[in-house]
>>> print(open('upload.pdb').read())   # PDB, C-alpha atoms
ATOM      1  CA  MET A 274     -11.654  17.664-119.580
ATOM      2  CA  LEU A 275     -12.407  18.613-115.997
ATOM      3  CA  SER A 276     -12.525  22.371-115.524
ATOM      4  CA  VAL A 277     -12.108  23.722-112.017
ATOM      5  CA  HIS A 278     -11.867  27.347-110.965
ATOM      6  CA  ALA A 279      -9.561  28.503-108.219
ATOM      7  CA  ILE A 280      -8.040  31.707-106.941
ATOM      8  CA  TYR A 281      -4.291  32.041-106.333
ATOM      9  CA  ASP A 282      -3.750  34.315-103.342
ATOM     10  CA  GLY A 283       0.020  34.537-103.747
ATOM     11  CA  LYS A 284       0.705  31.445-101.643
ATOM     12  CA  LYS A 285      -1.701  28.731-102.617
ATOM     13  CA  LEU A 286      -4.591  27.890-104.900
ATOM     14  CA  ASN A 287      -8.017  28.227-103.266
ATOM     15  CA  PHE A 288     -10.518  26.067-105.071
ATOM     16  CA  LEU A 289     -14.009  27.450-105.502
ATOM     17  CA  GLN A 290     -15.544  24.008-105.484
ATOM     18  CA  LYS A 291     -14.676  20.702-103.884
ATOM     19  CA  VAL A 292     -12.910  18.349-106.260
ATOM     20  CA  GLU A 293     -12.098  14.701-105.787
ATOM     21  CA  VAL A 294      -9.198  13.459-107.894
ATOM     22  CA  LYS A 295      -8.566   9.740-107.524
ATOM     23  CA  LYS A 296      -5.636   9.281-109.884
ATOM     24  CA  PRO A 297      -2.684  11.593-110.637
ATOM     25  CA  ARG A 298      -3.625  14.184-113.201
ATOM     26  CA  GLN A 299      -1.795  16.693-115.269
ATOM     27  CA  VAL A 300      -2.906  20.147-114.177
ATOM     28  CA  ILE A 301      -2.852  23.210-116.378
ATOM     29  CA  VAL A 302      -2.960  26.516-114.546
ATOM     30  CA  THR A 303      -3.841  29.683-116.389
ATOM     31  CA  PHE A 304      -3.119  32.887-114.531
ATOM     32  CA  LEU A 305      -5.618  35.603-115.302
ATOM     33  CA  ASP A 306      -5.389  39.287-114.489
ATOM     34  CA  GLU A 307      -4.394  40.381-111.015
ATOM     35  CA  VAL A 308      -7.256  40.919-108.613
ATOM     36  CA  GLU A 309      -7.585  44.390-107.190
ATOM     37  CA  ASN A 310     -10.731  43.795-105.219
ATOM     38  CA  GLU A 311     -10.101  41.607-102.176
ATOM     39  CA  GLU A 312     -13.683  40.362-102.308
ATOM     40  CA  GLU A 313     -12.611  38.294-105.307
ATOM     41  CA  LEU A 314     -10.253  36.332-103.060
ATOM     42  CA  GLU A 315     -13.127  35.015-100.985
ATOM     43  CA  THR A 316     -13.902  31.333-100.973
ATOM     44  CA  PHE A 317     -17.349  30.298-102.083
ATOM     45  CA  ALA A 318     -18.427  29.779 -98.466
ATOM     46  CA  GLU A 319     -17.110  33.179 -97.417
ATOM     47  CA  LYS A 320     -18.893  34.842-100.289
ATOM     48  CA  PHE A 321     -22.135  33.099 -99.352
ATOM     49  CA  GLU A 322     -21.702  34.096 -95.707
ATOM     50  CA  ARG A 323     -21.173  37.738 -96.633
ATOM     51  CA  ILE A 324     -24.140  37.911 -99.014
ATOM     52  CA  PHE A 325     -26.507  35.965 -96.776
ATOM     53  CA  GLU A 326     -25.707  37.974 -93.662
ATOM     54  CA  GLN A 327     -26.096  41.220 -95.578
ATOM     55  CA  TRP A 328     -29.490  40.081 -96.844
ATOM     56  CA  TYR A 329     -30.489  38.964 -93.358
ATOM     57  CA  ALA A 330     -29.388  42.222 -91.741
ATOM     58  CA  GLU A 331     -31.305  44.260 -94.287
ATOM     59  CA  THR A 332     -34.532  42.261 -94.370
ATOM     60  CA  ALA A 333     -34.957  39.997 -91.341
ATOM     61  CA  ALA A 334     -36.950  42.626 -89.457
ATOM     62  CA  ILE A 335     -39.513  43.211 -92.173
ATOM     63  CA  SER A 336     -42.112  41.331 -94.191
ATOM     64  CA  GLY A 337     -43.140  42.194 -97.726
ATOM     65  CA  HIS A 338     -41.642  42.463-101.175
ATOM     66  CA  TRP A 339     -38.474  44.051 -99.781
ATOM     67  CA  VAL A 340     -37.313  40.657 -98.496
ATOM     68  CA  PHE A 341     -37.276  39.004-101.917
ATOM     69  CA  GLU A 342     -36.534  42.025-104.072
ATOM     70  CA  ASN A 343     -33.410  42.746-102.067
ATOM     71  CA  PRO A 344     -30.458  42.359-104.483
ATOM     72  CA  ASN A 345     -28.684  39.988-102.099
ATOM     73  CA  HIS A 346     -31.592  37.549-102.279
ATOM     74  CA  GLN A 347     -31.044  37.279-106.020
ATOM     75  CA  LYS A 348     -27.292  36.920-105.454
ATOM     76  CA  ILE A 349     -27.976  33.938-103.185
ATOM     77  CA  ILE A 350     -30.090  32.373-105.934
ATOM     78  CA  ASP A 351     -27.373  33.101-108.490
ATOM     79  CA  MET A 352     -24.872  31.120-106.420
ATOM     80  CA  GLY A 353     -26.803  28.048-107.496
ATOM     81  CA  LYS A 354     -26.712  24.480-106.268
ATOM     82  CA  PRO A 355     -23.323  24.683-104.475
ATOM     83  CA  ALA A 356     -25.055  27.086-102.059
ATOM     84  CA  ILE A 357     -27.743  24.583-101.043
ATOM     85  CA  PRO A 358     -25.854  23.041 -98.065
ATOM     86  CA  LEU A 359     -24.958  26.514 -96.841
ATOM     87  CA  ILE A 360     -28.568  27.716 -97.088
ATOM     88  CA  LEU A 361     -29.829  24.643 -95.248
ATOM     89  CA  LYS A 362     -27.233  25.216 -92.521
ATOM     90  CA  LYS A 363     -28.496  28.779 -92.091
ATOM     91  CA  LEU A 364     -32.034  27.445 -91.898
ATOM     92  CA  GLN A 365     -30.938  25.193 -89.045
ATOM     93  CA  GLU A 366     -29.253  28.073 -87.241
ATOM     94  CA  LYS A 367     -31.831  30.832 -87.283
ATOM     95  CA  PRO A 368     -35.304  31.748 -88.533
ATOM     96  CA  CYS A 369     -35.158  32.986 -92.096
ATOM     97  CA  TYR A 370     -37.578  33.101 -94.991
ATOM     98  CA  ILE A 371     -35.198  31.521 -97.496
ATOM     99  CA  PHE A 372     -37.614  28.934 -98.917
ATOM    100  CA  TYR A 373     -38.268  30.838-102.118
ATOM    101  CA  ALA A 374     -34.536  30.864-102.933
ATOM    102  CA  LEU A 375     -34.380  27.121-102.292
ATOM    103  CA  GLU A 376     -37.306  26.569-104.657
ATOM    104  CA  LYS A 377     -35.678  28.697-107.348
ATOM    105  CA  ILE A 378     -32.277  26.983-107.061
ATOM    106  CA  THR A 379     -33.498  23.404-106.828
ATOM    107  CA  GLY A 380     -36.600  23.630-108.996
ATOM    108  CA  GLU A 381     -38.297  21.552-106.319
ATOM    109  CA  ASP A 382     -40.875  22.093-103.614
ATOM    110  CA  PRO A 383     -40.901  19.368-100.958
ATOM    111  CA  VAL A 384     -43.573  21.155 -98.878
ATOM    112  CA  PRO A 385     -47.070  19.652 -98.998
ATOM    113  CA  LYS A 386     -49.907  22.146 -99.354
ATOM    114  CA  LYS A 387     -51.166  21.439 -95.837
ATOM    115  CA  HIS A 388     -47.804  22.636 -94.420
ATOM    116  CA  ALA A 389     -47.737  25.844 -96.457
ATOM    117  CA  THR A 390     -48.574  28.267 -93.640
ATOM    118  CA  ASN A 391     -46.523  26.644 -90.895
ATOM    119  CA  TYR A 392     -42.918  27.838 -90.743
ATOM    120  CA  GLY A 393     -41.748  24.921 -88.603
ATOM    121  CA  LEU A 394     -43.198  22.273 -90.897
ATOM    122  CA  ILE A 395     -41.835  24.016 -94.011
ATOM    123  CA  LYS A 396     -38.409  24.201 -92.434
ATOM    124  CA  ASN A 397     -38.508  20.515 -91.459
ATOM    125  CA  ASP A 398     -39.655  19.526 -94.962
ATOM    126  CA  TRP A 399     -36.663  21.302 -96.502
ATOM    127  CA  LEU A 400     -34.176  19.889 -93.985
ATOM    128  CA  LYS A 401     -35.567  16.405 -94.604
ATOM    129  CA  TRP A 402     -35.208  17.012 -98.340
ATOM    130  CA  GLY A 403     -31.626  18.172 -97.776
ATOM    131  CA  LYS A 404     -30.776  14.963 -95.903
ATOM    132  CA  GLN A 405     -32.466  12.732 -98.458
ATOM    133  CA  ASN A 406     -30.514  14.386-101.246
ATOM    134  CA  GLY A 407     -27.184  14.335 -99.434
ATOM    135  CA  TYR A 408     -26.794  18.071 -98.902
ATOM    136  CA  ILE A 409     -26.723  17.855 -95.110
ATOM    137  CA  LYS A 410     -26.256  15.069 -92.551
TER     138      LYS A 410
ATOM    139  CA  MET B  75     -45.102  32.004 -76.531
ATOM    140  CA  GLY B  76     -46.737  35.009 -74.945
ATOM    141  CA  GLU B  77     -44.881  38.163 -74.191
ATOM    142  CA  THR B  78     -45.307  38.061 -70.412
ATOM    143  CA  LYS B  79     -43.826  34.588 -70.254
ATOM    144  CA  TRP B  80     -40.576  35.658 -71.838
ATOM    145  CA  VAL B  81     -40.238  38.819 -69.793
ATOM    146  CA  HIS B  82     -40.375  36.753 -66.646
ATOM    147  CA  GLN B  83     -37.977  34.135 -67.958
ATOM    148  CA  MET B  84     -35.259  36.647 -68.645
ATOM    149  CA  LYS B  85     -33.000  37.386 -65.717
ATOM    150  CA  LYS B  86     -31.692  40.532 -67.362
ATOM    151  CA  LYS B  87     -33.496  42.683 -69.892
ATOM    152  CA  GLN B  88     -32.091  42.527 -73.386
ATOM    153  CA  PHE B  89     -32.241  45.269 -75.951
ATOM    154  CA  LEU B  90     -32.010  45.456 -79.703
ATOM    155  CA  THR B  91     -30.860  48.146 -82.085
ATOM    156  CA  LEU B  92     -31.295  47.974 -85.841
ATOM    157  CA  SER B  93     -29.609  50.188 -88.386
ATOM    158  CA  SER B  94     -32.785  50.039 -90.464
ATOM    159  CA  LEU B  95     -34.659  51.598 -87.523
ATOM    160  CA  PRO B  96     -32.423  54.585 -86.726
ATOM    161  CA  ASN B  97     -34.397  55.702 -83.678
ATOM    162  CA  SER B  98     -33.663  52.341 -82.047
ATOM    163  CA  LYS B  99     -30.047  53.460 -81.835
ATOM    164  CA  LYS B 100     -31.116  56.402 -79.694
ATOM    165  CA  GLN B 101     -33.578  54.334 -77.676
ATOM    166  CA  PRO B 102     -32.954  50.544 -77.979
ATOM    167  CA  LEU B 103     -35.934  48.194 -78.250
ATOM    168  CA  GLU B 104     -36.597  45.869 -75.314
ATOM    169  CA  ILE B 105     -36.585  42.229 -76.453
ATOM    170  CA  THR B 106     -39.467  40.173 -75.069
ATOM    171  CA  SER B 107     -39.127  36.853 -76.936
ATOM    172  CA  PRO B 108     -36.555  34.798 -78.841
ATOM    173  CA  HIS B 109     -36.377  35.191 -82.602
ATOM    174  CA  ASP B 110     -38.952  33.081 -84.389
ATOM    175  CA  GLY B 111     -40.106  32.407 -87.933
ATOM    176  CA  PHE B 112     -43.574  31.129 -87.058
ATOM    177  CA  TYR B 113     -45.304  34.530 -86.986
ATOM    178  CA  ASN B 114     -44.798  38.057 -88.208
ATOM    179  CA  CYS B 115     -45.913  41.527 -87.174
ATOM    180  CA  ILE B 116     -49.420  41.122 -88.581
ATOM    181  CA  GLY B 117     -50.038  37.869 -86.741
ATOM    182  CA  TRP B 118     -48.633  39.367 -83.554
ATOM    183  CA  ALA B 119     -50.799  42.493 -83.913
ATOM    184  CA  LEU B 120     -53.762  40.087 -83.823
ATOM    185  CA  GLY B 121     -52.278  38.409 -80.747
ATOM    186  CA  LEU B 122     -51.243  35.265 -82.628
ATOM    187  CA  SER B 123     -47.830  33.641 -82.273
ATOM    188  CA  ASP B 124     -48.228  30.915 -84.883
ATOM    189  CA  LYS B 125     -49.288  32.731 -88.064
ATOM    190  CA  ALA B 126     -47.564  34.966 -90.608
ATOM    191  CA  PHE B 127     -49.781  37.126 -92.804
ATOM    192  CA  TRP B 128     -48.803  39.119 -95.868
ATOM    193  CA  PRO B 129     -50.742  39.686 -99.096
ATOM    194  CA  ASN B 130     -48.191  39.034-101.819
ATOM    195  CA  LEU B 131     -45.770  36.511-100.331
ATOM    196  CA  LYS B 132     -45.596  32.733-100.514
ATOM    197  CA  LYS B 133     -44.889  30.229 -97.762
ATOM    198  CA  PRO B 134     -45.302  30.557 -94.824
ATOM    199  CA  TYR B 135     -47.434  33.662 -95.289
ATOM    200  CA  SER B 136     -51.172  33.585 -95.883
ATOM    201  CA  TRP B 137     -53.819  36.172 -96.748
ATOM    202  CA  PRO B 138     -57.592  35.994 -97.111
ATOM    203  CA  ALA B 139     -58.533  34.791-100.583
ATOM    204  CA  ASP B 140     -61.156  37.519-101.004
ATOM    205  CA  LEU B 141     -58.690  40.375-100.449
ATOM    206  CA  PRO B 142     -56.275  41.653-103.117
ATOM    207  CA  LYS B 143     -52.621  40.652-103.087
ATOM    208  CA  THR B 144     -51.381  44.212-102.792
ATOM    209  CA  GLU B 145     -49.440  45.972-100.052
ATOM    210  CA  SER B 146     -51.684  49.032-100.026
ATOM    211  CA  ILE B 147     -52.627  50.473 -96.686
ATOM    212  CA  GLU B 148     -56.309  50.066 -97.648
ATOM    213  CA  ASN B 149     -55.801  46.342 -98.094
ATOM    214  CA  PHE B 150     -54.294  46.019 -94.633
ATOM    215  CA  ILE B 151     -57.129  48.060 -93.150
ATOM    216  CA  ASP B 152     -59.608  45.674 -94.779
ATOM    217  CA  PHE B 153     -57.627  42.743 -93.409
ATOM    218  CA  PHE B 154     -57.887  44.040 -89.868
ATOM    219  CA  LYS B 155     -61.562  44.909 -90.354
ATOM    220  CA  LYS B 156     -62.078  41.195 -90.947
ATOM    221  CA  HIS B 157     -60.738  40.733 -87.428
ATOM    222  CA  LYS B 158     -63.237  43.209 -85.975
ATOM    223  CA  PHE B 159     -60.953  46.251 -85.941
ATOM    224  CA  GLU B 160     -62.217  49.680 -86.934
ATOM    225  CA  ILE B 161     -60.314  52.861 -87.707
ATOM    226  CA  CYS B 162     -59.884  55.217 -84.750
ATOM    227  CA  GLU B 163     -58.568  58.740 -84.454
ATOM    228  CA  ASN B 164     -55.555  58.319 -82.214
ATOM    229  CA  ASP B 165     -53.497  56.085 -79.942
ATOM    230  CA  LYS B 166     -55.119  57.289 -76.736
ATOM    231  CA  PRO B 167     -55.944  54.151 -74.710
ATOM    232  CA  GLU B 168     -59.675  53.437 -74.391
ATOM    233  CA  ARG B 169     -61.121  51.218 -71.703
ATOM    234  CA  GLY B 170     -62.356  47.915 -73.126
ATOM    235  CA  PHE B 171     -60.535  48.320 -76.456
ATOM    236  CA  GLU B 172     -57.211  47.176 -77.865
ATOM    237  CA  LYS B 173     -55.456  49.305 -80.443
ATOM    238  CA  ILE B 174     -53.049  48.675 -83.265
ATOM    239  CA  ALA B 175     -50.992  50.981 -85.487
ATOM    240  CA  ILE B 176     -50.286  50.274 -89.162
ATOM    241  CA  PHE B 177     -47.128  51.771 -90.668
ATOM    242  CA  GLU B 178     -46.660  52.947 -94.235
ATOM    243  CA  LYS B 179     -43.656  53.872 -96.351
ATOM    244  CA  ASP B 180     -43.575  54.958-100.002
ATOM    245  CA  GLY B 181     -47.216  53.978-100.415
ATOM    246  CA  PHE B 182     -46.765  50.448 -99.031
ATOM    247  CA  ALA B 183     -47.900  49.043 -95.713
ATOM    248  CA  THR B 184     -44.764  47.950 -93.881
ATOM    249  CA  HIS B 185     -45.573  46.973 -90.325
ATOM    250  CA  ALA B 186     -48.200  46.733 -87.591
ATOM    251  CA  CYS B 187     -47.850  46.852 -83.821
ATOM    252  CA  ARG B 188     -50.225  46.386 -80.872
ATOM    253  CA  GLN B 189     -50.672  48.734 -77.927
ATOM    254  CA  LEU B 190     -49.887  47.446 -74.447
ATOM    255  CA  LYS B 191     -50.615  50.676 -72.590
ATOM    256  CA  LYS B 192     -50.147  54.398 -73.069
ATOM    257  CA  ASN B 193     -46.969  55.026 -75.100
ATOM    258  CA  LEU B 194     -45.990  51.352 -74.978
ATOM    259  CA  TRP B 195     -46.418  48.962 -77.890
ATOM    260  CA  THR B 196     -45.382  45.434 -78.835
ATOM    261  CA  SER B 197     -44.055  44.389 -82.235
ATOM    262  CA  LYS B 198     -42.819  41.255 -83.923
ATOM    263  CA  LEU B 199     -39.891  42.265 -86.102
ATOM    264  CA  GLY B 200     -40.153  40.020 -89.176
ATOM    265  CA  ALA B 201     -38.289  36.795 -88.394
ATOM    266  CA  LEU B 202     -36.558  38.394 -85.420
ATOM    267  CA  GLU B 203     -37.757  38.951 -81.863
ATOM    268  CA  ASP B 204     -40.800  40.534 -80.251
ATOM    269  CA  VAL B 205     -39.942  43.915 -78.781
ATOM    270  CA  ARG B 206     -41.553  46.557 -76.600
ATOM    271  CA  HIS B 207     -41.248  50.122 -77.786
ATOM    272  CA  THR B 208     -42.792  53.517 -78.269
ATOM    273  CA  ILE B 209     -44.049  54.612 -81.677
ATOM    274  CA  PHE B 210     -41.034  56.909 -81.954
ATOM    275  CA  GLN B 211     -38.532  54.067 -81.551
ATOM    276  CA  ILE B 212     -39.634  52.251 -84.701
ATOM    277  CA  SER B 213     -40.598  55.267 -86.808
ATOM    278  CA  GLY B 214     -38.525  56.969 -89.468
ATOM    279  CA  GLY B 215     -36.652  53.995 -90.877
ATOM    280  CA  MET B 216     -37.705  51.052 -92.985
ATOM    281  CA  TYR B 217     -41.212  51.060 -91.475
ATOM    282  CA  GLY B 218     -41.842  54.711 -92.301
ATOM    283  CA  GLU B 219     -44.542  56.362 -90.212
ATOM    284  CA  VAL B 220     -47.874  55.413 -88.664
ATOM    285  CA  SER B 221     -50.579  55.650 -91.293
ATOM    286  CA  VAL B 222     -53.615  54.644 -89.270
ATOM    287  CA  PHE B 223     -54.696  53.537 -85.816
ATOM    288  CA  MET B 224     -57.381  50.880 -85.427
ATOM    289  CA  LYS B 225     -59.208  49.471 -82.428
ATOM    290  CA  ARG B 226     -61.431  46.548 -81.479
ATOM    291  CA  LYS B 227     -63.234  45.457 -78.348
ATOM    292  CA  LYS B 228     -61.098  43.342 -76.087
ATOM    293  CA  ALA B 229     -62.127  39.707 -75.839
ATOM    294  CA  LEU B 230     -63.764  38.957 -72.510
TER     295      LEU B 230
END
>>> encode(input="upload.pdb", output="structure tokens")
Amino acid sequence: MLSVHAIYDGKKLNFLQKVEVKKPRQVIVTFLDEVENEEELETFAEKFERIFEQWYAETAAISGHWVFENPNHQKIIDMGKPAIPLILKKLQEKPCYIFYALEKITGEDPVPKKHATNYGLIKNDWLKWGKQNGYIK
Amino acid sequence: MGETKWVHQMKKKQFLTLSSLPNSKKQPLEITSPHDGFYNCIGWALGLSDKAFWPNLKKPYSWPADLPKTESIENFIDFFKKHKFEICENDKPERGFEKIAIFEKDGFATHACRQLKKNLWTSKLGALEDVRHTIFQISGGMYGEVSVFMKRKKAL
């Protein structure tokens, strides 16, 4: 049975992941407790945006363990594979040291050793990986 | 991507304030380059705009193999000694020398900046921009305070 999570905001169901349904299906909706915290009504992309930007605001101006020990960095990792296209999009938009999170989420490292100290080459290696694996166009 | 180049390319000066550097709210930092991930404050303190150095971080950072992977101020001093810097008493400009300042907070080295002239310094802010500033403007927040000044002879 396909299990999909969504949030009902009082008007419509907001799915937390993209689902493709080819044939008509019977749908069972289970209403859970009411949400008091509006943050819980966020879509996945909105949640990622909020966490990433908070992490970036708190750490982009510094080097060191603070960048990766920041709780929001772990939250990005915890969002898992659905966050990969969003991370890669951020990487295209602005300089950010998000490679470690990508390694942790994907379990992969597409960067050859000879590129390891060059930000531009590392970035390109990850974007190429993202295209090859269908995460970005 | 030198600092002078960007200053001249900008029609209007741009300034930056960061909540993590509270004094920048009182006196905003003058931006002198676009944001860039290729180098960090340590590379920029050495005058490099294509290298990021940090002892205990992975890609794209590097650190000499014969130095420890700790963020102690002593380790950073040893790093800069490898690049012909020596500890000096103060930030008073000296003819024929360039000076840097290393910042420390809670026992960790946090930042380094390079002196341009009396009371004027240049910093690369992590993955953000290069800025011009006084020591006061970047003190007291996430970088903490200056721990040590170092100097080396200017290259001819």
>>> resolve_selection(input="upload.pdb", expression="the PyMOL selection byres ((chain A and resi 348) around 10)", output="PyMOL selection string")
chain A and resi 321+324-325+328+343-347+349-353+374
>>> residues_around(input="upload.pdb", residues="Lys362 in chain A", least_positions_apart="3", cutoff="10 Å", atoms="all atoms listed in the file", output="ChimeraX atom specification")
/A:356-359,365-367,400,403,408-409
>>> atom_distance(input="upload.pdb", atom1="CA of Ile161 in chain B", atom2="CA of Val222 in chain B")
7.1 Å
>>> resolve_selection(input="upload.pdb", expression="the PyMOL selection byres ((chain A) within 6 of (chain B))", output="list in words")
Ala333, Ala334, Ile335, Ser336, Pro368, Ala389, Thr390, Asn391 and Tyr392 of chain A
>>> axis_aligned_box(input="upload.pdb", around="range 160-163 of chain B", padding_each_side="6 Å", output="JSON")
{"center_x": -60.4, "center_y": 54.2, "center_z": -86.1, "size_x": 15.6, "size_y": 21.1, "size_z": 15.3}
>>> atom_distance(input="upload.pdb", atom1="CA of Gln211 in chain B", atom2="CA of Asn149 in chain B")
25.1 Å
>>> atom_distance(input="upload.pdb", atom1="CA of Ile395 in chain A", atom2="CA of Ile360 in chain A")
14.1 Å
>>> resolve_selection(input="upload.pdb", expression="the PyMOL selection byres ((chain B and resi 173) around 9)", output="list in words")
Ala119, Phe159, Cys162, Asp165, Lys166, Pro167, Glu168, Phe171, Glu172, Ile174, Ala175, Cys187, Arg188, Gln189, Leu190, Phe223, Met224, Lys225, Arg226 and Lys227 of chain B
>>> closest_residue(input="upload.pdb", among="A:Pro355, A:Gly407, A:Lys387, A:Tyr373", to="Lys320 in chain A", atoms="all atoms listed in the file")
A:Pro355
>>> decode(input="upload.pdb", residues="range 346-360 of chain A", atoms="N, CA and C atoms", output="mmCIF file, in the first residue's frame")
data_model
loop_
_atom_site.group_PDB
_atom_site.id
_atom_site.type_symbol
_atom_site.label_atom_id
_atom_site.label_comp_id
_atom_site.auth_asym_id
_atom_site.auth_seq_id
_atom_site.Cartn_x
_atom_site.Cartn_y
_atom_site.Cartn_z
ATOM 1 N N HIS A 346 22.364 22.616 10.205
ATOM 2 C CA HIS A 346 23.079 21.772 9.251
ATOM 3 C C HIS A 346 22.618 20.323 9.394
ATOM 4 N N GLN A 347 22.476 19.889 10.627
ATOM 5 C CA GLN A 347 21.987 18.522 10.868
ATOM 6 C C GLN A 347 20.540 18.380 10.402
ATOM 7 N N LYS A 348 19.745 19.438 10.584
ATOM 8 C CA LYS A 348 18.344 19.376 10.146
ATOM 9 C C LYS A 348 18.262 19.215 8.624
ATOM 10 N N ILE A 349 19.176 19.878 7.917
ATOM 11 C CA ILE A 349 19.215 19.727 6.454
ATOM 12 C C ILE A 349 19.511 18.271 6.104
ATOM 13 N N ILE A 350 20.493 17.687 6.786
ATOM 14 C CA ILE A 350 20.841 16.288 6.545
ATOM 15 C C ILE A 350 19.652 15.382 6.859
ATOM 16 N N ASP A 351 18.960 15.691 7.946
ATOM 17 C CA ASP A 351 17.818 14.867 8.360
ATOM 18 C C ASP A 351 16.666 14.913 7.352
ATOM 19 N N MET A 352 16.633 15.938 6.521
ATOM 20 C CA MET A 352 15.557 16.013 5.525
ATOM 21 C C MET A 352 15.743 14.972 4.427
ATOM 22 N N GLY A 353 16.939 14.440 4.329
ATOM 23 C CA GLY A 353 17.175 13.279 3.470
ATOM 24 C C GLY A 353 17.149 13.553 1.978
ATOM 25 N N LYS A 354 16.976 12.486 1.222
ATOM 26 C CA LYS A 354 17.105 12.561 -0.235
ATOM 27 C C LYS A 354 16.137 13.531 -0.918
ATOM 28 N N PRO A 355 14.893 13.705 -0.409
ATOM 29 C CA PRO A 355 14.021 14.692 -1.072
ATOM 30 C C PRO A 355 14.614 16.107 -1.072
ATOM 31 N N ALA A 356 15.585 16.359 -0.200
ATOM 32 C CA ALA A 356 16.187 17.700 -0.139
ATOM 33 C C ALA A 356 17.292 17.890 -1.180
ATOM 34 N N ILE A 357 17.725 16.821 -1.812
ATOM 35 C CA ILE A 357 18.881 16.925 -2.722
ATOM 36 C C ILE A 357 18.677 17.969 -3.828
ATOM 37 N N PRO A 358 17.525 17.951 -4.558
ATOM 38 C CA PRO A 358 17.374 18.977 -5.608
ATOM 39 C C PRO A 358 17.392 20.389 -5.043
ATOM 40 N N LEU A 359 16.860 20.556 -3.853
ATOM 41 C CA LEU A 359 16.818 21.887 -3.244
ATOM 42 C C LEU A 359 18.216 22.342 -2.837
ATOM 43 N N ILE A 360 19.019 21.420 -2.331
ATOM 44 C CA ILE A 360 20.404 21.746 -1.957
ATOM 45 C C ILE A 360 21.201 22.119 -3.205
#
